[in-house]
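As provided, input.txt (compact mmCIF, C-alpha atoms) reads as follows.
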```
# COMPACT_ATOMS: atom_id res chain seq x y z
CA MET A 141 76.28 3.28 57.34
CA PRO A 142 79.20 3.66 59.77
CA ASN A 143 82.06 1.18 60.21
CA ILE A 144 81.70 -0.44 56.80
CA VAL A 145 84.17 -0.66 53.92
CA LEU A 146 83.33 -1.91 50.43
CA PHE A 147 86.07 -3.18 48.10
CA SER A 148 85.87 -4.31 44.49
CA GLY A 149 87.96 -6.98 42.84
CA SER A 150 88.94 -6.84 39.17
CA SER A 151 86.25 -9.13 37.78
CA HIS A 152 83.21 -6.84 37.67
CA HIS A 153 83.89 -3.26 38.70
CA ASP A 154 80.64 -1.96 37.16
CA LEU A 155 78.50 -4.15 39.42
CA SER A 156 80.58 -3.16 42.46
CA GLN A 157 80.11 0.52 41.65
CA ARG A 158 76.35 0.03 41.28
CA VAL A 159 76.22 -1.63 44.70
CA ALA A 160 78.30 1.16 46.24
CA ASP A 161 76.09 3.84 44.68
CA ARG A 162 72.99 2.09 46.00
CA LEU A 163 74.47 2.07 49.51
CA GLY A 164 75.73 5.64 49.28
CA LEU A 165 79.33 4.49 49.79
CA GLU A 166 82.62 4.99 48.00
CA LEU A 167 84.58 1.92 46.98
CA GLY A 168 87.77 1.42 48.96
CA LYS A 169 91.08 1.79 47.18
CA VAL A 170 92.65 -1.43 45.89
CA ILE A 171 95.92 -1.78 43.98
CA THR A 172 96.43 -5.10 42.18
CA LYS A 173 99.62 -6.21 40.46
CA LYS A 174 101.07 -9.35 38.92
CA PHE A 175 104.63 -10.56 39.12
CA SER A 176 106.36 -10.77 35.76
CA ASN A 177 106.04 -14.57 35.65
CA GLN A 178 102.22 -14.27 35.96
CA GLU A 179 102.11 -16.87 38.72
CA THR A 180 100.87 -14.79 41.60
CA ILE A 181 98.70 -11.73 42.00
CA TYR A 182 99.73 -9.15 44.54
CA ALA A 183 96.68 -7.30 45.85
CA PHE A 184 97.31 -4.40 48.20
CA VAL A 185 94.19 -3.21 50.00
CA CYS A 186 94.53 0.35 51.22
CA ILE A 187 92.57 0.62 54.47
CA THR A 188 92.52 4.28 55.40
CA ARG A 189 89.84 4.05 58.09
CA PRO A 190 90.06 2.43 61.54
CA LEU A 191 90.91 -1.26 61.24
CA ALA A 192 87.92 -2.63 63.20
CA GLU A 193 85.70 -2.43 60.14
CA ASP A 194 82.96 -4.56 58.60
CA VAL A 195 84.53 -5.33 55.21
CA TYR A 196 82.73 -6.50 52.07
CA ILE A 197 84.70 -7.61 49.00
CA ILE A 198 82.80 -7.99 45.71
CA GLN A 199 84.37 -10.41 43.25
CA SER A 200 82.44 -12.55 40.76
CA GLY A 201 83.60 -15.88 39.35
CA CYS A 202 84.03 -14.76 35.76
CA GLY A 203 86.64 -13.54 33.29
CA GLU A 204 90.07 -14.86 34.22
CA ILE A 205 88.50 -17.06 36.88
CA ASN A 206 91.64 -18.52 38.42
CA ASP A 207 93.35 -15.13 38.63
CA ASN A 208 90.25 -13.48 40.04
CA LEU A 209 89.77 -16.21 42.62
CA MET A 210 93.38 -15.82 43.78
CA GLU A 211 92.92 -12.05 43.90
CA LEU A 212 89.85 -12.50 46.10
CA LEU A 213 91.70 -14.82 48.48
CA ILE A 214 94.59 -12.36 48.84
CA MET A 215 92.22 -9.43 49.41
CA ILE A 216 90.37 -11.37 52.11
CA ASN A 217 93.62 -12.26 53.80
CA ALA A 218 94.96 -8.70 53.55
CA CYS A 219 91.87 -7.38 55.33
CA LYS A 220 91.91 -10.14 57.93
CA ILE A 221 95.52 -9.65 58.98
CA ALA A 222 94.82 -5.90 59.13
CA SER A 223 92.44 -6.72 62.01
CA SER A 224 89.16 -6.13 60.20
CA SER A 225 86.39 -7.29 62.52
CA ARG A 226 84.47 -9.20 59.83
CA VAL A 227 85.23 -9.96 56.20
CA THR A 228 82.38 -10.90 53.87
CA ALA A 229 83.06 -12.17 50.36
CA VAL A 230 80.26 -11.13 47.98
CA ILE A 231 80.53 -13.60 45.09
CA PRO A 232 77.60 -13.07 42.69
CA CYS A 233 78.64 -16.02 40.49
CA PHE A 234 80.37 -18.70 42.56
CA PRO A 235 83.42 -20.17 40.75
CA TYR A 236 83.72 -23.92 40.16
CA ALA A 237 80.09 -24.40 41.27
CA ARG A 238 79.48 -27.07 38.60
CA GLN A 239 82.11 -29.30 40.20
CA ASP A 240 80.01 -30.00 43.29
CA LYS A 241 80.21 -33.83 43.33
CA LYS A 242 82.26 -36.73 42.05
CA ASP A 243 80.90 -37.70 38.64
CA LYS A 244 83.59 -40.30 38.03
CA SER A 245 86.23 -42.18 39.97
CA ARG A 246 88.96 -39.98 41.46
CA ALA A 247 87.35 -36.76 40.21
CA PRO A 248 87.83 -33.69 42.43
CA ILE A 249 85.04 -31.82 44.20
CA SER A 250 86.43 -28.42 43.28
CA ALA A 251 83.56 -26.39 44.74
CA LYS A 252 84.44 -27.83 48.16
CA LEU A 253 88.08 -26.89 47.60
CA VAL A 254 87.08 -23.28 46.81
CA ALA A 255 84.97 -23.20 49.98
CA ASN A 256 87.97 -24.40 52.01
CA MET A 257 90.27 -21.79 50.46
CA LEU A 258 87.84 -18.95 51.20
CA SER A 259 87.57 -20.06 54.82
CA VAL A 260 91.31 -20.47 55.26
CA ALA A 261 91.94 -17.05 53.68
CA GLY A 262 89.86 -15.55 56.49
CA ALA A 263 86.32 -15.05 55.14
CA ASP A 264 83.72 -14.91 57.91
CA HIS A 265 80.65 -14.82 55.67
CA ILE A 266 79.73 -15.51 52.03
CA ILE A 267 77.00 -13.79 50.01
CA THR A 268 76.31 -15.37 46.62
CA MET A 269 73.44 -15.83 44.16
CA ASP A 270 71.72 -18.90 42.70
CA LEU A 271 74.33 -21.54 43.47
CA HIS A 272 74.43 -24.27 40.85
CA ALA A 273 73.70 -26.78 43.62
CA SER A 274 72.27 -25.83 47.00
CA GLN A 275 74.43 -28.38 48.80
CA ILE A 276 77.47 -26.16 48.17
CA GLN A 277 76.30 -24.18 51.21
CA GLY A 278 77.11 -27.26 53.26
CA PHE A 279 80.74 -27.16 52.09
CA PHE A 280 81.29 -24.17 54.37
CA ASP A 281 81.67 -23.97 58.15
CA ILE A 282 80.89 -20.23 57.97
CA ALA A 283 77.62 -18.43 57.22
CA VAL A 284 76.46 -18.51 53.59
CA ASP A 285 73.57 -16.47 52.17
CA ASN A 286 72.46 -17.84 48.80
CA LEU A 287 70.29 -15.11 47.29
CA TYR A 288 67.77 -15.70 44.49
CA ALA A 289 67.34 -13.83 41.22
CA GLU A 290 63.75 -15.11 41.01
CA PRO A 291 61.98 -11.96 42.33
CA ALA A 292 63.80 -9.76 39.80
CA VAL A 293 63.10 -12.30 37.04
CA LEU A 294 59.36 -12.37 37.80
CA GLN A 295 59.30 -8.58 37.73
CA TRP A 296 61.05 -8.58 34.32
CA ILE A 297 58.56 -11.09 32.91
CA ARG A 298 55.54 -9.01 33.97
CA GLU A 299 57.04 -5.80 32.60
CA ASN A 300 58.49 -7.11 29.31
CA ILE A 301 56.40 -10.04 28.04
CA PRO A 302 52.92 -8.82 27.03
CA GLU A 303 51.61 -12.40 26.86
CA TRP A 304 52.96 -13.35 30.27
CA LYS A 305 49.60 -14.76 31.37
CA ASN A 306 49.87 -17.28 28.53
CA CYS A 307 53.40 -18.32 29.51
CA ILE A 308 54.59 -21.75 30.47
CA ILE A 309 57.79 -22.13 32.49
CA VAL A 310 60.08 -24.80 31.09
CA SER A 311 62.79 -26.17 33.35
CA ILE A 312 66.00 -27.63 31.98
CA SER A 313 66.81 -28.96 35.45
CA PRO A 314 64.77 -31.78 37.04
CA VAL A 315 63.06 -29.39 39.48
CA GLY A 316 60.50 -26.64 39.01
CA GLY A 317 58.55 -25.61 35.96
CA PHE A 318 55.31 -26.78 34.35
CA ALA A 319 57.15 -28.46 31.50
CA LEU A 320 60.49 -30.21 31.61
CA ILE A 321 63.41 -30.68 29.25
CA HIS A 322 65.19 -33.93 30.11
CA LYS A 323 68.77 -33.98 28.85
CA GLU A 324 71.45 -36.64 28.72
CA ARG A 325 75.08 -35.60 28.29
CA LYS A 326 77.91 -37.37 26.49
CA LYS A 327 80.39 -35.13 28.30
CA ALA A 328 80.66 -31.60 29.68
CA ASN A 329 79.15 -28.94 27.36
CA GLU A 330 77.73 -31.59 25.00
CA VAL A 331 74.14 -32.87 25.13
CA ASP A 332 73.51 -36.32 23.63
CA ARG A 333 69.70 -36.57 23.86
CA MET A 334 66.85 -34.24 24.85
CA VAL A 335 63.17 -35.01 25.54
CA LEU A 336 60.33 -32.53 26.18
CA VAL A 337 57.85 -33.53 28.88
CA GLY A 338 54.67 -31.39 28.92
CA ASP A 339 52.40 -29.50 26.51
CA VAL A 340 53.64 -26.15 25.15
CA LYS A 341 51.38 -25.87 22.09
CA ASP A 342 50.21 -22.27 21.48
CA ARG A 343 52.00 -21.05 24.61
CA VAL A 344 54.85 -18.63 25.23
CA ALA A 345 57.65 -20.81 26.57
CA ILE A 346 60.14 -19.43 29.08
CA LEU A 347 63.23 -21.58 29.54
CA VAL A 348 64.78 -21.13 32.97
CA ASP A 349 68.14 -22.29 34.29
CA ASP A 350 70.80 -21.07 36.67
CA MET A 351 73.53 -20.70 34.03
CA ALA A 352 74.40 -21.12 30.38
CA ASP A 353 77.95 -21.67 29.16
CA THR A 354 78.28 -22.78 25.53
CA CYS A 355 74.46 -22.63 25.17
CA GLY A 356 74.12 -25.94 23.34
CA THR A 357 71.45 -27.07 25.81
CA ILE A 358 69.21 -23.98 25.70
CA CYS A 359 69.45 -23.63 21.90
CA HIS A 360 68.59 -27.30 21.38
CA ALA A 361 65.72 -26.86 23.85
CA ALA A 362 64.44 -23.80 21.97
CA ASP A 363 64.30 -25.76 18.72
CA LYS A 364 62.46 -28.57 20.52
CA LEU A 365 59.89 -26.13 21.96
CA ILE A 366 59.19 -24.46 18.60
CA SER A 367 58.73 -27.84 16.94
CA ALA A 368 56.32 -28.79 19.75
CA GLY A 369 54.10 -25.79 18.97
CA ALA A 370 55.34 -22.96 21.22
CA ILE A 371 54.58 -19.57 19.66
CA LYS A 372 57.53 -17.78 21.26
CA VAL A 373 60.55 -18.86 23.29
CA TYR A 374 62.48 -16.85 25.87
CA ALA A 375 65.45 -18.01 27.96
CA ILE A 376 66.03 -16.54 31.40
CA LEU A 377 69.28 -17.41 33.16
CA THR A 378 70.95 -16.10 36.28
CA HIS A 379 74.55 -16.46 35.10
CA GLY A 380 75.32 -15.89 31.42
CA ILE A 381 78.81 -17.32 30.93
CA PHE A 382 78.55 -17.44 27.11
CA SER A 383 81.87 -19.02 26.22
CA GLY A 384 83.02 -20.69 23.00
CA PRO A 385 80.29 -20.86 20.31
CA ALA A 386 77.57 -19.50 22.64
CA ILE A 387 76.95 -16.18 20.87
CA SER A 388 76.73 -17.67 17.37
CA ARG A 389 74.36 -20.35 18.67
CA ILE A 390 72.07 -17.77 20.31
CA ASN A 391 72.04 -15.64 17.16
CA SER A 392 70.93 -18.67 15.15
CA ALA A 393 68.38 -19.94 17.68
CA PRO A 394 64.65 -19.02 17.65
CA PHE A 395 64.74 -16.95 20.83
CA GLU A 396 62.78 -13.74 21.29
CA ALA A 397 65.33 -12.83 23.97
CA VAL A 398 67.95 -14.43 26.16
CA VAL A 399 67.75 -12.69 29.52
CA VAL A 400 70.52 -12.85 32.11
CA THR A 401 71.42 -10.98 35.27
CA ASN A 402 74.55 -8.89 35.60
CA THR A 403 76.34 -11.26 37.98
CA ILE A 404 78.75 -11.50 35.01
CA PRO A 405 79.64 -8.51 32.76
CA GLN A 406 77.64 -8.64 29.52
CA GLU A 407 78.50 -5.40 27.72
CA GLU A 408 80.70 -7.01 25.05
CA LYS A 409 78.34 -9.95 24.55
CA MET A 410 75.37 -7.60 24.05
CA LYS A 411 77.25 -5.86 21.24
CA GLN A 412 77.64 -9.21 19.46
CA CYS A 413 74.12 -10.45 20.12
CA PRO A 414 71.06 -8.15 20.21
CA LYS A 415 68.95 -10.93 21.74
CA ILE A 416 70.80 -10.69 25.07
CA GLN A 417 69.08 -8.54 27.68
CA VAL A 418 70.23 -7.90 31.25
CA ILE A 419 68.45 -7.70 34.60
CA ASP A 420 70.29 -5.57 37.16
CA ILE A 421 70.59 -7.35 40.53
CA SER A 422 72.83 -4.78 42.22
CA MET A 423 69.95 -3.62 44.42
CA ILE A 424 69.54 -7.16 45.80
CA LEU A 425 73.24 -7.43 46.66
CA ALA A 426 73.27 -3.93 48.16
CA GLU A 427 70.25 -4.66 50.34
CA ALA A 428 71.80 -7.96 51.47
CA ILE A 429 74.95 -6.06 52.50
CA ARG A 430 72.92 -3.40 54.33
CA ARG A 431 70.84 -5.98 56.19
CA THR A 432 73.89 -8.08 57.08
CA HIS A 433 75.77 -5.04 58.37
CA ASN A 434 72.81 -3.98 60.51
CA GLY A 435 72.15 -7.47 61.85
CA GLU A 436 68.83 -7.83 60.00
CA SER A 437 67.42 -10.91 58.26
CA VAL A 438 67.99 -11.27 54.51
CA SER A 439 65.06 -13.68 54.05
CA TYR A 440 62.90 -10.78 52.77
CA LEU A 441 65.04 -10.79 49.62
CA PHE A 442 64.08 -14.37 48.79
CA SER A 443 60.69 -13.17 47.58
CA HIS A 444 60.95 -9.39 47.10
CA VAL A 445 62.92 -6.95 44.96
CA PRO A 446 64.15 -3.98 47.04
CA LEU A 447 62.52 -0.69 46.08
```

Give the structure from the file, written as structure tokens.
Amino acid sequence: MPNIVLFSGSSHHDLSQRVADRLGLELGKVITKKFSNQETIYAFVCITRPLAEDVYIIQSGCGEINDNLMELLIMINACKIASSSRVTAVIPCFPYARQDKKDKSRAPISAKLVANMLSVAGADHIITMDLHASQIQGFFDIAVDNLYAEPAVLQWIRENIPEWKNCIIVSISPVGGFALIHKERKKANEVDRMVLVGDVKDRVAILVDDMADTCGTICHAADKLISAGAIKVYAILTHGIFSGPAISRINSAPFEAVVVTNTIPQEEKMKQCPKIQVIDISMILAEAIRRTHNGESVSYLFSHVPL
């Protein structure tokens, strides 16, 4: 693949290396530093090849999110002012995606602000996965490819759940699924009331959602499904944030497994919770990069896992 450079931010170097290995590329050299007052990150991108390059920067919205977002913006700008022909930000987990609308008077729409900052920094294209709300794509005036973890998830279900033909998909969101968990929140990260709609008796229930943070919702839902007669409960999530009491809640919940993708690093969480399993999506990101670089359609990835 000529005329392409792949850089990794600080948030998820393992995923970046997997993508680079899949593409047969070496990651470009990046030196990141903080000033002593911790206010600003200085990211120096060492471009050793000709400047008219197709640049891809992989940085997920996890860990020290604000620092990592600022690092991404500076890296984009460093490449842009170095005359890179196109800069694509590959953001497996989009930061601030839950703040996609005004839920109260004078509340910010932070996802729109992040979109504006990425554009102003110089990004020409965004590749992300399972946005919390599809309308976030409309916040951008540049191309956005929102990839889906669904093909990899379906493959995992067939290979790892022996009773998959007796499964019922349970949606925590008001779309999709053959059963539905309706939830009402008091405030962020706190569910007030939950109602199960649908019959799960004597079935293997698979809870699906785009992300889990403190895991109060999915653990409450698991208890509800078991009490309604489900014989086993799995949770499959694209983005496993797992903050606060999440791990202790999962350990206490009646899950067979909580399955997430590696859009966010999970190594430390897996040590604390044996129920957590990970689906590798690096091949999807790598194929999206390859197809974008070669001017090919990425729509194939919406329903297929690259070989």

For range 391-401 of chain A: contacts at 6 Å, all atoms listed in the file, fewer than 5 positions along chain excluded, given as a ChimeraX atom specification:
/A:359,373-378,380,415-420

Exercise: residues within 8 Å of coordinate (81.1, 0.8, 56.6), counting only C-alpha atoms, as JSON, numbers by chain
{"A": [141, 142, 143, 144, 145, 146, 165, 193, 194, 195]}

Selection export as an mmCIF file, keeping the file's coordinate frame, atoms kept: C-alpha atoms:
```
data_model
loop_
_atom_site.group_PDB
_atom_site.id
_atom_site.type_symbol
_atom_site.label_atom_id
_atom_site.label_comp_id
_atom_site.auth_asym_id
_atom_site.auth_seq_id
_atom_site.Cartn_x
_atom_site.Cartn_y
_atom_site.Cartn_z
ATOM 1 C CA MET A 141 76.280 3.280 57.340
ATOM 2 C CA PRO A 142 79.200 3.660 59.770
ATOM 3 C CA ASN A 143 82.060 1.180 60.210
ATOM 4 C CA ILE A 144 81.700 -0.440 56.800
ATOM 5 C CA VAL A 145 84.170 -0.660 53.920
ATOM 6 C CA LEU A 146 83.330 -1.910 50.430
ATOM 7 C CA LEU A 165 79.330 4.490 49.790
ATOM 8 C CA GLU A 193 85.700 -2.430 60.140
ATOM 9 C CA ASP A 194 82.960 -4.560 58.600
ATOM 10 C CA VAL A 195 84.530 -5.330 55.210
#
```

When distances are computed from only C-alpha atoms, which of A:His153, A:Lys305, A:His379, A:Arg389 shows the smallest separation from Thr403 in chain A?
A:His379

Find the residue from A:Leu320, A:Val170, A:Ile267, A:Val310 that sits nearest to Arg431 in chain A; use all atoms listed in the file when measuring.
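Checking each of A:Leu320, A:Val170, A:Ile267, A:Val310 against Arg431 in chain A, counting all atoms listed in the file, the winner is A:Ile267.
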
Padded axis-aligned box of range 344-349 of chain A (6 Å per side), centre and edge lengths, Å, one decimal, as JSON:
```
{"center_x": 61.5, "center_y": -20.5, "center_z": 29.8, "size_x": 25.3, "size_y": 15.7, "size_z": 21.1}
```

Expressed in Å to a single decimal, how great is the separation between CA of Ile297 in chain A and CA of Thr432 in chain A?
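Computing it gives 28.8 Å between the two atoms.
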
Each residue of range 242-355 of chain A with at least one atom at most 8 Å from range 208-230 of chain A should appear once, together with its nearest atom pair and the corresponding distance in Å (one decimal); atoms considered: all atoms listed in the file; ordering: chain, then increasing residue number; output as CSV.
```
residue,atom,partner,partner_atom,distance
A:Met257,CA,A:Leu213,CA,7.4
A:Leu258,CA,A:Leu213,CA,6.3
A:Ala261,CA,A:Asn217,CA,5.1
A:Gly262,CA,A:Asn217,CA,5.7
A:Ala263,CA,A:Val227,CA,5.3
A:Asp264,CA,A:Val227,CA,5.5
A:His265,CA,A:Thr228,CA,4.6
A:Ile266,CA,A:Ala229,CA,5.0
A:Ile267,CA,A:Val230,CA,4.7
A:Thr268,CA,A:Val230,CA,6.0
```

Do you know which residues are at most 7 Å from Ala237 in chain A counting all atoms listed in the file, after dropping those on the same chain fewer than 4 positions away, and could you put them as a PDB file with C-alpha atoms, in the frame of the given file?
```pdb
ATOM      1  CA  ALA A 251      83.560 -26.390  44.740  1.00  0.00           C
ATOM      2  CA  LEU A 271      74.330 -21.540  43.470  1.00  0.00           C
ATOM      3  CA  HIS A 272      74.430 -24.270  40.850  1.00  0.00           C
TER       4      HIS A 272
END
```

What is the distance between CA of Ala370 in chain A and CA of Ile308 in chain A, in Å to one decimal?
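About the pair CA of Ala370 in chain A and CA of Ile308 in chain A: they are 9.4 Å apart.
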
Please, could all heavy atoms be added to range 414-425 of chain A and the result written as a CSV table (one decimal), in the frame of the given file?
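Okay, out-v2.csv is ready:
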```csv
chain,number,residue,atom,x,y,z
A,414,PRO,N,72.1,-9.0,19.8
A,414,PRO,CA,71.1,-8.2,20.2
A,414,PRO,C,70.0,-8.9,21.0
A,414,PRO,O,69.1,-8.2,21.6
A,414,PRO,CB,70.5,-7.6,18.9
A,414,PRO,CG,70.9,-8.6,17.8
A,414,PRO,CD,72.2,-9.1,18.3
A,415,LYS,N,70.0,-10.2,21.0
A,415,LYS,CA,69.0,-10.9,21.7
A,415,LYS,C,69.2,-10.9,23.2
A,415,LYS,O,68.3,-11.2,24.0
A,415,LYS,CB,68.9,-12.4,21.2
A,415,LYS,CG,68.4,-12.5,19.8
A,415,LYS,CD,68.3,-14.0,19.4
A,415,LYS,CE,67.9,-14.2,18.0
A,415,LYS,NZ,67.8,-15.6,17.6
A,416,ILE,N,70.4,-10.6,23.6
A,416,ILE,CA,70.8,-10.7,25.1
A,416,ILE,C,70.3,-9.4,25.8
A,416,ILE,O,70.6,-8.3,25.3
A,416,ILE,CB,72.3,-10.8,25.3
A,416,ILE,CG1,72.8,-12.2,24.7
A,416,ILE,CG2,72.7,-10.7,26.7
A,416,ILE,CD1,74.3,-12.4,24.7
A,417,GLN,N,69.5,-9.6,26.8
A,417,GLN,CA,69.1,-8.5,27.7
A,417,GLN,C,69.5,-8.8,29.1
A,417,GLN,O,69.7,-10.0,29.5
A,417,GLN,CB,67.6,-8.4,27.6
A,417,GLN,CG,67.1,-8.1,26.2
A,417,GLN,CD,65.6,-7.8,26.1
A,417,GLN,OE1,65.0,-7.3,27.0
A,417,GLN,NE2,65.0,-8.2,25.0
A,418,VAL,N,69.6,-7.8,29.9
A,418,VAL,CA,70.2,-7.9,31.2
A,418,VAL,C,69.3,-7.4,32.3
A,418,VAL,O,68.7,-6.3,32.2
A,418,VAL,CB,71.6,-7.2,31.3
A,418,VAL,CG1,72.1,-7.2,32.8
A,418,VAL,CG2,72.6,-7.8,30.4
A,419,ILE,N,69.2,-8.1,33.4
A,419,ILE,CA,68.4,-7.7,34.6
A,419,ILE,C,69.5,-7.3,35.6
A,419,ILE,O,70.4,-8.0,36.0
A,419,ILE,CB,67.6,-8.8,35.2
A,419,ILE,CG1,66.5,-9.3,34.2
A,419,ILE,CG2,66.9,-8.4,36.5
A,419,ILE,CD1,65.8,-10.6,34.6
A,420,ASP,N,69.4,-6.1,36.2
A,420,ASP,CA,70.3,-5.6,37.2
A,420,ASP,C,69.9,-6.1,38.5
A,420,ASP,O,68.8,-6.0,39.0
A,420,ASP,CB,70.3,-4.1,37.2
A,420,ASP,CG,71.2,-3.4,38.2
A,420,ASP,OD1,72.2,-4.2,38.6
A,420,ASP,OD2,71.0,-2.3,38.6
A,421,ILE,N,70.9,-6.8,39.2
A,421,ILE,CA,70.6,-7.4,40.5
A,421,ILE,C,71.4,-6.6,41.6
A,421,ILE,O,71.5,-7.1,42.7
A,421,ILE,CB,70.8,-8.9,40.6
A,421,ILE,CG1,72.2,-9.3,39.9
A,421,ILE,CG2,69.7,-9.6,39.9
A,421,ILE,CD1,73.4,-9.1,40.8
A,422,SER,N,72.0,-5.5,41.2
A,422,SER,CA,72.8,-4.8,42.2
A,422,SER,C,72.0,-4.4,43.5
A,422,SER,O,72.6,-4.3,44.6
A,422,SER,CB,73.5,-3.6,41.6
A,422,SER,OG,72.5,-2.6,41.1
A,423,MET,N,70.8,-4.0,43.3
A,423,MET,CA,70.0,-3.6,44.4
A,423,MET,C,69.7,-4.8,45.4
A,423,MET,O,69.6,-4.5,46.6
A,423,MET,CB,68.6,-3.0,44.0
A,423,MET,CG,67.6,-4.0,43.5
A,423,MET,SD,68.0,-4.9,42.0
A,423,MET,CE,67.7,-3.5,40.8
A,424,ILE,N,69.7,-6.0,44.9
A,424,ILE,CA,69.5,-7.2,45.8
A,424,ILE,C,70.8,-7.4,46.6
A,424,ILE,O,70.8,-7.6,47.8
A,424,ILE,CB,69.2,-8.4,45.0
A,424,ILE,CG1,67.9,-8.2,44.3
A,424,ILE,CG2,69.2,-9.7,45.9
A,424,ILE,CD1,67.5,-9.4,43.4
A,425,LEU,N,72.0,-7.3,45.9
A,425,LEU,CA,73.2,-7.4,46.7
A,425,LEU,C,73.4,-6.3,47.7
A,425,LEU,O,73.9,-6.5,48.8
A,425,LEU,CB,74.4,-7.4,45.7
A,425,LEU,CG,74.4,-8.6,44.7
A,425,LEU,CD1,75.6,-8.4,43.7
A,425,LEU,CD2,74.6,-9.9,45.4
```
